[in-house]
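Colleague: Data file upload36.pdb (PDB, C-alpha atoms, pLDDT in the B column) is appended below.
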ATOM      1  CA  MET D 224     -13.428   0.614  -4.799  1.00 78.00           C
ATOM      2  CA  ILE D 225     -14.275   4.224  -3.885  1.00 86.00           C
ATOM      3  CA  ARG D 226     -11.437   4.248  -1.334  1.00 79.00           C
ATOM      4  CA  ASP D 227      -9.026   3.152  -4.073  1.00 84.00           C
ATOM      5  CA  TYR D 228     -10.272   5.933  -6.364  1.00 87.00           C
ATOM      6  CA  ALA D 229      -9.604   8.455  -3.605  1.00 86.00           C
ATOM      7  CA  THR D 230      -6.060   7.189  -3.033  1.00 82.00           C
ATOM      8  CA  ASP D 231      -5.506   7.079  -6.811  1.00 85.00           C
ATOM      9  CA  TYR D 232      -6.368  10.773  -7.003  1.00 85.00           C
ATOM     10  CA  LEU D 233      -4.103  11.681  -4.087  1.00 81.00           C
ATOM     11  CA  GLN D 234      -1.225   9.790  -5.684  1.00 79.00           C
ATOM     12  CA  PHE D 235      -1.838  11.466  -9.058  1.00 85.00           C
ATOM     13  CA  ALA D 236      -2.003  14.930  -7.473  1.00 81.00           C
ATOM     14  CA  ILE D 237       1.204  14.372  -5.483  1.00 78.00           C
ATOM     15  CA  VAL D 238       3.055  13.435  -8.676  1.00 79.00           C
ATOM     16  CA  ALA D 239       1.460  16.176 -10.816  1.00 81.00           C
ATOM     17  CA  TRP D 240       2.388  18.884  -8.312  1.00 80.00           C
ATOM     18  CA  LYS D 241       5.744  17.299  -7.432  1.00 84.00           C
ATOM     19  CA  ALA D 242       4.800  17.850  -3.821  1.00 85.00           C
ATOM     20  CA  TYR D 243       7.846  15.987  -2.494  1.00 91.00           C
ATOM     21  CA  ALA D 244      10.522  16.987  -4.999  1.00 89.00           C
ATOM     22  CA  SER D 245      12.070  19.332  -2.443  1.00 90.00           C
ATOM     23  CA  VAL D 246      12.813  16.522   0.037  1.00 93.00           C
ATOM     24  CA  MET D 247      14.924  14.524  -2.404  1.00 93.00           C
ATOM     25  CA  PRO D 248      18.301  15.743  -1.067  1.00 94.00           C
ATOM     26  CA  LEU D 249      17.247  14.870   2.500  1.00 96.00           C
ATOM     27  CA  LEU D 250      16.050  11.405   1.544  1.00 96.00           C
ATOM     28  CA  ALA D 251      19.074  10.661  -0.628  1.00 95.00           C
ATOM     29  CA  ASP D 252      21.425  11.702   2.170  1.00 95.00           C
ATOM     30  CA  ALA D 253      19.630   9.500   4.712  1.00 96.00           C
ATOM     31  CA  LEU D 254      19.721   6.498   2.385  1.00 95.00           C
ATOM     32  CA  LYS D 255      23.433   6.985   1.735  1.00 93.00           C
ATOM     33  CA  ARG D 256      24.167   7.263   5.463  1.00 91.00           C
ATOM     34  CA  THR D 257      22.425   3.964   6.160  1.00 90.00           C
ATOM     35  CA  CYS D 258      23.769   2.205   3.053  1.00 87.00           C
ATOM     36  CA  SER D 259      20.213   0.898   2.539  1.00 86.00           C
ATOM     37  CA  ARG D 260      19.714  -1.481  -0.347  1.00 87.00           C
ATOM     38  CA  GLN D 261      15.924  -1.362  -0.244  1.00 95.00           C
ATOM     39  CA  ILE D 262      13.165   1.139   0.552  1.00 97.00           C
ATOM     40  CA  LEU D 263      10.094  -0.062   2.423  1.00 98.00           C
ATOM     41  CA  ASP D 264       7.236   2.379   1.893  1.00 98.00           C
ATOM     42  CA  LEU D 265       4.512   2.308   4.564  1.00 98.00           C
ATOM     43  CA  CYS D 266       0.857   3.326   4.117  1.00 96.00           C
ATOM     44  CA  SER D 267       1.476   3.501   0.372  1.00 95.00           C
ATOM     45  CA  GLY D 268      -2.156   4.017  -0.645  1.00 88.00           C
ATOM     46  CA  GLY D 269      -2.159   4.577  -4.417  1.00 85.00           C
ATOM     47  CA  ALA D 270       1.642   4.038  -4.572  1.00 87.00           C
ATOM     48  CA  GLY D 271       2.625   7.534  -3.451  1.00 85.00           C
ATOM     49  CA  PRO D 272       5.213   9.608  -5.325  1.00 91.00           C
ATOM     50  CA  TRP D 273       7.606   6.778  -6.095  1.00 93.00           C
ATOM     51  CA  VAL D 274       7.159   6.410  -9.862  1.00 90.00           C
ATOM     52  CA  ASP D 275       8.148  10.041 -10.217  1.00 88.00           C
ATOM     53  CA  MET D 276      10.780  10.083  -7.467  1.00 91.00           C
ATOM     54  CA  LEU D 277      12.838   7.008  -8.319  1.00 93.00           C
ATOM     55  CA  PRO D 278      14.581   8.548 -11.369  1.00 92.00           C
ATOM     56  CA  ALA D 279      15.459  11.632  -9.308  1.00 91.00           C
ATOM     57  CA  LEU D 280      16.757   9.431  -6.507  1.00 93.00           C
ATOM     58  CA  ARG D 281      18.963   7.551  -8.951  1.00 93.00           C
ATOM     59  CA  ALA D 282      20.256  10.851 -10.297  1.00 92.00           C
ATOM     60  CA  ALA D 283      21.214  11.713  -6.720  1.00 92.00           C
ATOM     61  CA  GLY D 284      23.339   8.567  -6.546  1.00 92.00           C
ATOM     62  CA  VAL D 285      20.937   6.150  -4.814  1.00 93.00           C
ATOM     63  CA  ASP D 286      19.660   3.083  -6.663  1.00 92.00           C
ATOM     64  CA  ALA D 287      17.389   1.122  -4.340  1.00 94.00           C
ATOM     65  CA  PRO D 288      14.211  -0.793  -5.215  1.00 96.00           C
ATOM     66  CA  VAL D 289      10.971   0.159  -3.466  1.00 97.00           C
ATOM     67  CA  ARG D 290       8.473  -2.180  -1.834  1.00 98.00           C
ATOM     68  CA  LEU D 291       5.010  -0.715  -1.293  1.00 97.00           C
ATOM     69  CA  THR D 292       2.935  -1.759   1.725  1.00 98.00           C
ATOM     70  CA  ASP D 293      -0.395  -0.795   3.222  1.00 96.00           C
ATOM     71  CA  LYS D 294      -2.925  -2.020   5.741  1.00 95.00           C
ATOM     72  CA  TYR D 295      -5.363  -2.204   2.812  1.00 93.00           C
ATOM     73  CA  PRO D 296      -3.150  -2.926  -0.230  1.00 94.00           C
ATOM     74  CA  ASN D 297      -4.310  -1.395  -3.518  1.00 91.00           C
ATOM     75  CA  ARG D 298      -3.251  -4.182  -5.865  1.00 91.00           C
ATOM     76  CA  GLU D 299      -4.154  -2.359  -9.066  1.00 89.00           C
ATOM     77  CA  ALA D 300      -2.166   0.728  -8.054  1.00 88.00           C
ATOM     78  CA  PHE D 301       0.798  -1.389  -6.942  1.00 94.00           C
ATOM     79  CA  ASP D 302       0.779  -3.314 -10.235  1.00 95.00           C
ATOM     80  CA  HIS D 303       0.603  -0.058 -12.205  1.00 90.00           C
ATOM     81  CA  ALA D 304       3.622   1.315 -10.325  1.00 93.00           C
ATOM     82  CA  ASN D 305       5.476  -1.929 -11.005  1.00 96.00           C
ATOM     83  CA  ARG D 306       4.874  -1.613 -14.751  1.00 95.00           C
ATOM     84  CA  GLU D 307       5.707   2.089 -14.875  1.00 93.00           C
ATOM     85  CA  SER D 308       8.978   1.545 -12.990  1.00 94.00           C
ATOM     86  CA  HIS D 309       9.959  -1.511 -15.069  1.00 95.00           C
ATOM     87  CA  GLY D 310       9.994  -3.672 -11.960  1.00 97.00           C
ATOM     88  CA  ALA D 311      11.892  -1.325  -9.631  1.00 97.00           C
ATOM     89  CA  ILE D 312       8.745  -0.872  -7.535  1.00 97.00           C
ATOM     90  CA  THR D 313       6.965  -3.927  -6.170  1.00 97.00           C
ATOM     91  CA  GLY D 314       3.897  -4.288  -3.996  1.00 97.00           C
ATOM     92  CA  HIS D 315       3.523  -6.384  -0.855  1.00 97.00           C
ATOM     93  CA  LEU D 316      -0.036  -7.674  -1.044  1.00 96.00           C
ATOM     94  CA  GLU D 317      -0.431  -8.791   2.562  1.00 97.00           C
ATOM     95  CA  PRO D 318      -1.732  -6.179   5.044  1.00 97.00           C
ATOM     96  CA  VAL D 319       1.046  -4.406   6.940  1.00 98.00           C
ATOM     97  CA  ASP D 320       0.531  -2.527  10.196  1.00 97.00           C
ATOM     98  CA  ALA D 321       2.950   0.416  10.253  1.00 97.00           C
ATOM     99  CA  THR D 322       3.149   0.226  14.051  1.00 97.00           C
ATOM    100  CA  ALA D 323       4.410  -3.381  13.958  1.00 97.00           C
ATOM    101  CA  VAL D 324       6.173  -4.130  10.686  1.00 98.00           C
ATOM    102  CA  PRO D 325       7.074  -7.815  10.234  1.00 97.00           C
ATOM    103  CA  ALA D 326      10.773  -8.403  10.865  1.00 94.00           C
ATOM    104  CA  ASP D 327      11.266  -9.944   7.432  1.00 94.00           C
ATOM    105  CA  LEU D 328      10.227  -6.671   5.742  1.00 96.00           C
ATOM    106  CA  THR D 329      13.550  -4.879   6.020  1.00 94.00           C
ATOM    107  CA  GLY D 330      14.780  -1.690   4.428  1.00 96.00           C
ATOM    108  CA  PHE D 331      14.732   2.039   4.948  1.00 97.00           C
ATOM    109  CA  ARG D 332      11.152   2.993   5.822  1.00 98.00           C
ATOM    110  CA  THR D 333       9.344   5.915   4.224  1.00 98.00           C
ATOM    111  CA  MET D 334       5.904   7.396   4.707  1.00 98.00           C
ATOM    112  CA  PHE D 335       4.321  10.120   2.578  1.00 96.00           C
ATOM    113  CA  SER D 336       1.134  12.039   3.454  1.00 92.00           C
ATOM    114  CA  ALA D 337       0.006   9.440   5.984  1.00 94.00           C
ATOM    115  CA  PHE D 338       1.604  10.116   9.372  1.00 97.00           C
ATOM    116  CA  HIS D 339      -1.105  12.598  10.419  1.00 94.00           C
ATOM    117  CA  HIS D 340      -3.711   9.834  10.228  1.00 93.00           C
ATOM    118  CA  PHE D 341      -2.186   8.312  13.368  1.00 96.00           C
ATOM    119  CA  ARG D 342      -2.872   9.546  16.876  1.00 96.00           C
ATOM    120  CA  PRO D 343       0.209  10.446  18.964  1.00 97.00           C
ATOM    121  CA  GLU D 344       0.440   7.049  20.675  1.00 97.00           C
ATOM    122  CA  GLN D 345       0.192   5.272  17.314  1.00 98.00           C
ATOM    123  CA  ALA D 346       2.619   7.678  15.649  1.00 98.00           C
ATOM    124  CA  ARG D 347       5.154   7.069  18.398  1.00 97.00           C
ATOM    125  CA  ALA D 348       4.652   3.323  17.988  1.00 98.00           C
ATOM    126  CA  ILE D 349       5.579   3.642  14.295  1.00 98.00           C
ATOM    127  CA  LEU D 350       8.788   5.451  15.199  1.00 98.00           C
ATOM    128  CA  ALA D 351       9.546   3.076  18.063  1.00 97.00           C
ATOM    129  CA  ASP D 352       9.131   0.063  15.790  1.00 97.00           C
ATOM    130  CA  ALA D 353      11.717   1.440  13.354  1.00 96.00           C
ATOM    131  CA  PHE D 354      14.011   2.312  16.262  1.00 95.00           C
ATOM    132  CA  ASN D 355      13.699  -1.121  17.885  1.00 94.00           C
ATOM    133  CA  GLN D 356      14.299  -2.933  14.590  1.00 94.00           C
ATOM    134  CA  ARG D 357      17.283  -0.699  13.769  1.00 92.00           C
ATOM    135  CA  GLN D 358      15.751   0.510  10.516  1.00 95.00           C
ATOM    136  CA  GLY D 359      15.977   4.044   9.171  1.00 96.00           C
ATOM    137  CA  ILE D 360      12.718   5.933   8.701  1.00 98.00           C
ATOM    138  CA  ALA D 361      11.661   9.144   6.956  1.00 98.00           C
ATOM    139  CA  VAL D 362       8.222  10.687   7.403  1.00 98.00           C
ATOM    140  CA  PHE D 363       7.102  13.456   5.033  1.00 97.00           C
ATOM    141  CA  GLU D 364       3.931  15.553   5.144  1.00 94.00           C
ATOM    142  CA  ALA D 365       3.015  18.112   2.468  1.00 90.00           C
ATOM    143  CA  GLY D 366       1.084  20.709   4.464  1.00 84.00           C
ATOM    144  CA  GLN D 367       0.802  22.409   7.817  1.00 82.00           C
ATOM    145  CA  ARG D 368      -1.835  22.929  10.474  1.00 79.00           C
ATOM    146  CA  ASP D 369      -2.765  26.549   9.772  1.00 78.00           C
ATOM    147  CA  LEU D 370      -5.665  28.670   8.488  1.00 79.00           C
ATOM    148  CA  LYS D 371      -4.184  29.177   5.014  1.00 79.00           C
ATOM    149  CA  MET D 372      -3.954  25.450   4.451  1.00 79.00           C
ATOM    150  CA  LEU D 373      -7.446  24.912   5.831  1.00 82.00           C
ATOM    151  CA  LEU D 374      -8.987  27.507   3.492  1.00 82.00           C
ATOM    152  CA  SER D 375      -7.212  26.019   0.488  1.00 81.00           C
ATOM    153  CA  MET D 376      -9.177  22.797   1.018  1.00 82.00           C
ATOM    154  CA  PHE D 377     -12.258  24.463  -0.474  1.00 88.00           C
ATOM    155  CA  LEU D 378     -10.515  24.192  -3.862  1.00 88.00           C
ATOM    156  CA  VAL D 379     -10.104  20.434  -3.540  1.00 88.00           C
ATOM    157  CA  PRO D 380     -13.372  19.378  -5.269  1.00 91.00           C
ATOM    158  CA  LEU D 381     -12.507  21.560  -8.267  1.00 93.00           C
ATOM    159  CA  ALA D 382      -9.048  19.998  -8.471  1.00 91.00           C
ATOM    160  CA  VAL D 383     -10.561  16.489  -8.331  1.00 93.00           C
ATOM    161  CA  TRP D 384     -12.996  17.276 -11.164  1.00 94.00           C
ATOM    162  CA  VAL D 385     -10.245  18.794 -13.325  1.00 93.00           C
ATOM    163  CA  LEU D 386      -7.606  16.080 -12.810  1.00 92.00           C
ATOM    164  CA  THR D 387      -9.723  12.906 -12.747  1.00 93.00           C
ATOM    165  CA  PRO D 388      -9.928  12.429 -16.573  1.00 94.00           C
ATOM    166  CA  PHE D 389      -6.131  12.176 -16.676  1.00 91.00           C
ATOM    167  CA  ILE D 390      -5.832   9.426 -14.044  1.00 89.00           C
ATOM    168  CA  ARG D 391      -4.828   6.023 -15.393  1.00 83.00           C
ATOM    169  CA  PRO D 392      -5.972   3.350 -15.778  1.00 84.00           C
ATOM    170  CA  PHE D 393      -9.189   4.843 -17.138  1.00 88.00           C
ATOM    171  CA  ARG D 394     -12.362   3.606 -15.446  1.00 88.00           C
ATOM    172  CA  TRP D 395     -15.952   4.525 -16.296  1.00 91.00           C
ATOM    173  CA  SER D 396     -16.824   3.775 -12.680  1.00 93.00           C
ATOM    174  CA  ARG D 397     -14.262   6.377 -11.569  1.00 92.00           C
ATOM    175  CA  LEU D 398     -16.175   9.000 -13.571  1.00 93.00           C
ATOM    176  CA  LEU D 399     -19.460   7.789 -12.092  1.00 94.00           C
ATOM    177  CA  TRP D 400     -18.264   8.206  -8.495  1.00 92.00           C
ATOM    178  CA  THR D 401     -16.572  11.535  -9.270  1.00 93.00           C
ATOM    179  CA  TYR D 402     -19.111  13.410 -11.396  1.00 95.00           C
ATOM    180  CA  LEU D 403     -22.565  11.815 -11.328  1.00 92.00           C
ATOM    181  CA  ILE D 404     -22.255  10.748  -7.698  1.00 93.00           C
ATOM    182  CA  PRO D 405     -19.530  13.004  -6.233  1.00 94.00           C
ATOM    183  CA  ALA D 406     -18.409  10.573  -3.553  1.00 94.00           C
ATOM    184  CA  VAL D 407     -14.705  10.802  -4.418  1.00 93.00           C
ATOM    185  CA  PRO D 408     -14.392  14.625  -4.213  1.00 92.00           C
ATOM    186  CA  LEU D 409     -16.403  14.679  -0.985  1.00 94.00           C
ATOM    187  CA  ILE D 410     -14.216  11.988   0.591  1.00 93.00           C
ATOM    188  CA  ILE D 411     -11.048  13.842  -0.406  1.00 91.00           C
ATOM    189  CA  LEU D 412     -12.486  17.165   0.804  1.00 92.00           C
ATOM    190  CA  PHE D 413     -13.344  15.650   4.195  1.00 89.00           C
ATOM    191  CA  ASP D 414      -9.929  13.977   4.404  1.00 85.00           C
ATOM    192  CA  GLY D 415      -8.281  17.284   3.540  1.00 82.00           C
ATOM    193  CA  PHE D 416     -10.026  19.173   6.332  1.00 85.00           C
ATOM    194  CA  VAL D 417      -9.256  16.448   8.861  1.00 85.00           C
ATOM    195  CA  SER D 418      -5.634  16.323   7.703  1.00 83.00           C
ATOM    196  CA  CYS D 419      -5.215  20.070   8.214  1.00 84.00           C
ATOM    197  CA  LEU D 420      -6.339  19.695  11.798  1.00 84.00           C
ATOM    198  CA  ARG D 421      -4.075  16.723  12.443  1.00 88.00           C
ATOM    199  CA  PHE D 422      -0.763  17.693  10.839  1.00 93.00           C
ATOM    200  CA  TYR D 423       2.053  17.440  13.368  1.00 96.00           C
ATOM    201  CA  SER D 424       4.248  20.485  13.891  1.00 95.00           C
ATOM    202  CA  VAL D 425       8.028  20.144  13.906  1.00 96.00           C
ATOM    203  CA  GLU D 426       8.039  20.503  17.690  1.00 96.00           C
ATOM    204  CA  GLU D 427       5.401  17.787  18.060  1.00 97.00           C
ATOM    205  CA  LEU D 428       7.368  15.453  15.803  1.00 97.00           C
ATOM    206  CA  ARG D 429      10.454  15.966  17.920  1.00 96.00           C
ATOM    207  CA  SER D 430       8.495  15.256  21.087  1.00 96.00           C
ATOM    208  CA  LEU D 431       7.441  11.893  19.652  1.00 97.00           C
ATOM    209  CA  THR D 432      11.087  10.809  19.518  1.00 95.00           C
ATOM    210  CA  ILE D 433      11.851  11.464  23.193  1.00 92.00           C
ATOM    211  CA  GLY D 434      13.387   8.302  24.586  1.00 89.00           C
ATOM    212  CA  LEU D 435      14.179   6.955  21.109  1.00 90.00           C
ATOM    213  CA  ALA D 436      17.455   8.773  20.561  1.00 73.00           C
ATOM    214  CA  SER D 437      19.745   6.482  22.522  1.00 69.00           C
ATOM    215  CA  ASP D 438      21.797   3.529  21.357  1.00 66.00           C
ATOM    216  CA  GLY D 439      23.285   5.326  18.350  1.00 82.00           C
ATOM    217  CA  TYR D 440      20.039   6.456  16.729  1.00 91.00           C
ATOM    218  CA  ALA D 441      19.717  10.088  15.590  1.00 92.00           C
ATOM    219  CA  TRP D 442      16.638  12.114  14.613  1.00 95.00           C
ATOM    220  CA  SER D 443      16.206  15.321  12.629  1.00 96.00           C
ATOM    221  CA  ALA D 444      13.051  17.304  11.918  1.00 97.00           C
ATOM    222  CA  GLY D 445      12.188  20.466  10.028  1.00 97.00           C
ATOM    223  CA  THR D 446      10.431  21.914   6.990  1.00 95.00           C
ATOM    224  CA  VAL D 447      11.413  22.570   3.390  1.00 93.00           C
ATOM    225  CA  GLU D 448       9.526  24.677   0.865  1.00 86.00           C
ATOM    226  CA  GLY D 449       7.819  22.993  -2.077  1.00 74.00           C
ATOM    227  CA  LYS D 450       9.202  23.631  -5.559  1.00 70.00           C
ATOM    228  CA  ARG D 451       6.186  23.584  -7.870  1.00 68.00           C
ATOM    229  CA  VAL D 452       3.565  24.704  -5.347  1.00 69.00           C
ATOM    230  CA  PRO D 453       4.114  26.974  -2.315  1.00 70.00           C
ATOM    231  CA  MET D 454       3.396  24.216   0.169  1.00 78.00           C
ATOM    232  CA  PRO D 455       5.869  23.481   2.968  1.00 89.00           C
ATOM    233  CA  VAL D 456       6.842  19.877   3.572  1.00 93.00           C
ATOM    234  CA  THR D 457       7.391  18.805   7.169  1.00 96.00           C
ATOM    235  CA  TYR D 458       9.817  15.945   7.743  1.00 97.00           C
ATOM    236  CA  LEU D 459      11.112  13.659  10.477  1.00 98.00           C
ATOM    237  CA  ILE D 460      14.079  11.404   9.711  1.00 98.00           C
ATOM    238  CA  GLY D 461      15.555   8.735  11.963  1.00 96.00           C
ATOM    239  CA  VAL D 462      18.881   7.114  11.169  1.00 94.00           C
ATOM    240  CA  PRO D 463      20.759   4.350  13.031  1.00 91.00           C
ATOM    241  CA  ILE D 464      24.226   5.862  13.164  1.00 80.00           C
ATOM    242  CA  ASP D 465      26.023   2.506  13.179  1.00 63.00           C
ATOM    243  CA  MET D 466      23.614   0.815  10.753  1.00 50.00           C
ATOM    244  CA  GLY D 467      25.159  -1.657   8.353  1.00 44.00           C
ATOM    245  CA  LYS D 468      23.766  -2.556   4.971  1.00 43.00           C
ATOM    246  CA  THR D 469      20.173  -3.747   4.834  1.00 42.00           C
TER
END
Before anything else, please render the file you have as structure tokens.

Modeller:
Amino acid sequence: MIRDYATDYLQFAIVAWKAYASVMPLLADALKRTCSRQILDLCSGGAGPWVDMLPALRAAGVDAPVRLTDKYPNREAFDHANRESHGAITGHLEPVDATAVPADLTGFRTMFSAFHHFRPEQARAILADAFNQRQGIAVFEAGQRDLKMLLSMFLVPLAVWVLTPFIRPFRWSRLLWTYLIPAVPLIILFDGFVSCLRFYSVEELRSLTIGLASDGYAWSAGTVEGKRVPMPVTYLIGVPIDMGKT
């Protein structure tokens, strides 16, 4: 339960700050290049930015449904995203390991704010799995491994306390574990510090793709500046050049 409240907050904050609005042109271009008919989101947590991003993606000329997956699926969050998107977002309720995605779960793979949780050998396995199954993949991380980002984490508990009353669905237990027993802000603060130390640089992301660029598969990596908040977003995108429709 507490883990779900933490992921709910992270999802709410990502949407409120439009942390990934700046990557929309990159994602739309990759989806068009692969002619993908479905998006398979990995490590979805509280459903990520998709409720907010889907309308923008459609405005960019891409209309593809999204399937949310996670090793520990948050059913309530997935159901909420399904209702908010009028069925365009669905949740896969069986556990999914991002390093070995079942072959029947096809579609262009995305991952938001989760790649840094994986050690280099695991991160490479995620990329290799997409490469071997001939699926496109886009990894996005809002943040960088630097002192400025690390210091900003001290503001996280305040942000949790301010934003929590606006998170839906409303739960008295959410307030209990946020204010009376501050487990949620402490978990998110700890996760924030660890994340800052684990964010991959652009060079490190590129190094993870060595040996995975043959057989008509191309990678690109870089950073784009956030729109609403001055937070750079690091990205790695892999596209099968000769990929047909999926």

Colleague: Go through D:Leu459, D:Leu254, D:Leu381, D:Val285 and flag the residue nearest D:Ser430, using only C-alpha atoms for the distances.

Modeller: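 Checking each candidate against D:Ser430, we get D:Leu459 as the closest.
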
Colleague: Mind pulling up the distance from atom CA of D:Ala304 to atom CA of D:Ala406?

Modeller: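 Distance between the two atoms: 24.8 Å.
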
Colleague: Excluding D:Met454 and residues on its chain fewer than 6 positions from it, collect all residues at most 9 Å away from it, counting all atoms listed in the file, and give them as a ChimeraX atom specification.

Modeller: /D:242,365-367,372,447-448

Colleague: Based on the selection just made, write C-alpha atoms of those residues as a compact mmCIF listing (two decimals), in the coordinates of the input.

Modeller:
# COMPACT_ATOMS: atom_id res chain seq x y z
CA ALA D 242 4.80 17.85 -3.82
CA ALA D 365 3.02 18.11 2.47
CA GLY D 366 1.08 20.71 4.46
CA GLN D 367 0.80 22.41 7.82
CA MET D 372 -3.95 25.45 4.45
CA VAL D 447 11.41 22.57 3.39
CA GLU D 448 9.53 24.68 0.86

Colleague: I'd like to know which of D:Ile312, D:Val289, D:Leu370, D:Val407 is closest to D:Arg260, using all atoms listed in the file.

Modeller: D:Val289

Colleague: Rank nothing, just name the residue among D:Ala283, D:Ala326, D:Leu277, D:Ile225 nearest to D:Asn305, using only C-alpha atoms.

Modeller: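 So, comparing all the options, the nearest one is D:Leu277.
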
Colleague: Do you have the atom CA of D:Pro318-atom CA of D:Arg256 distance handy?

Modeller: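 Atom-to-atom, atom CA of D:Pro318 and atom CA of D:Arg256 are spaced 29.2 Å apart.
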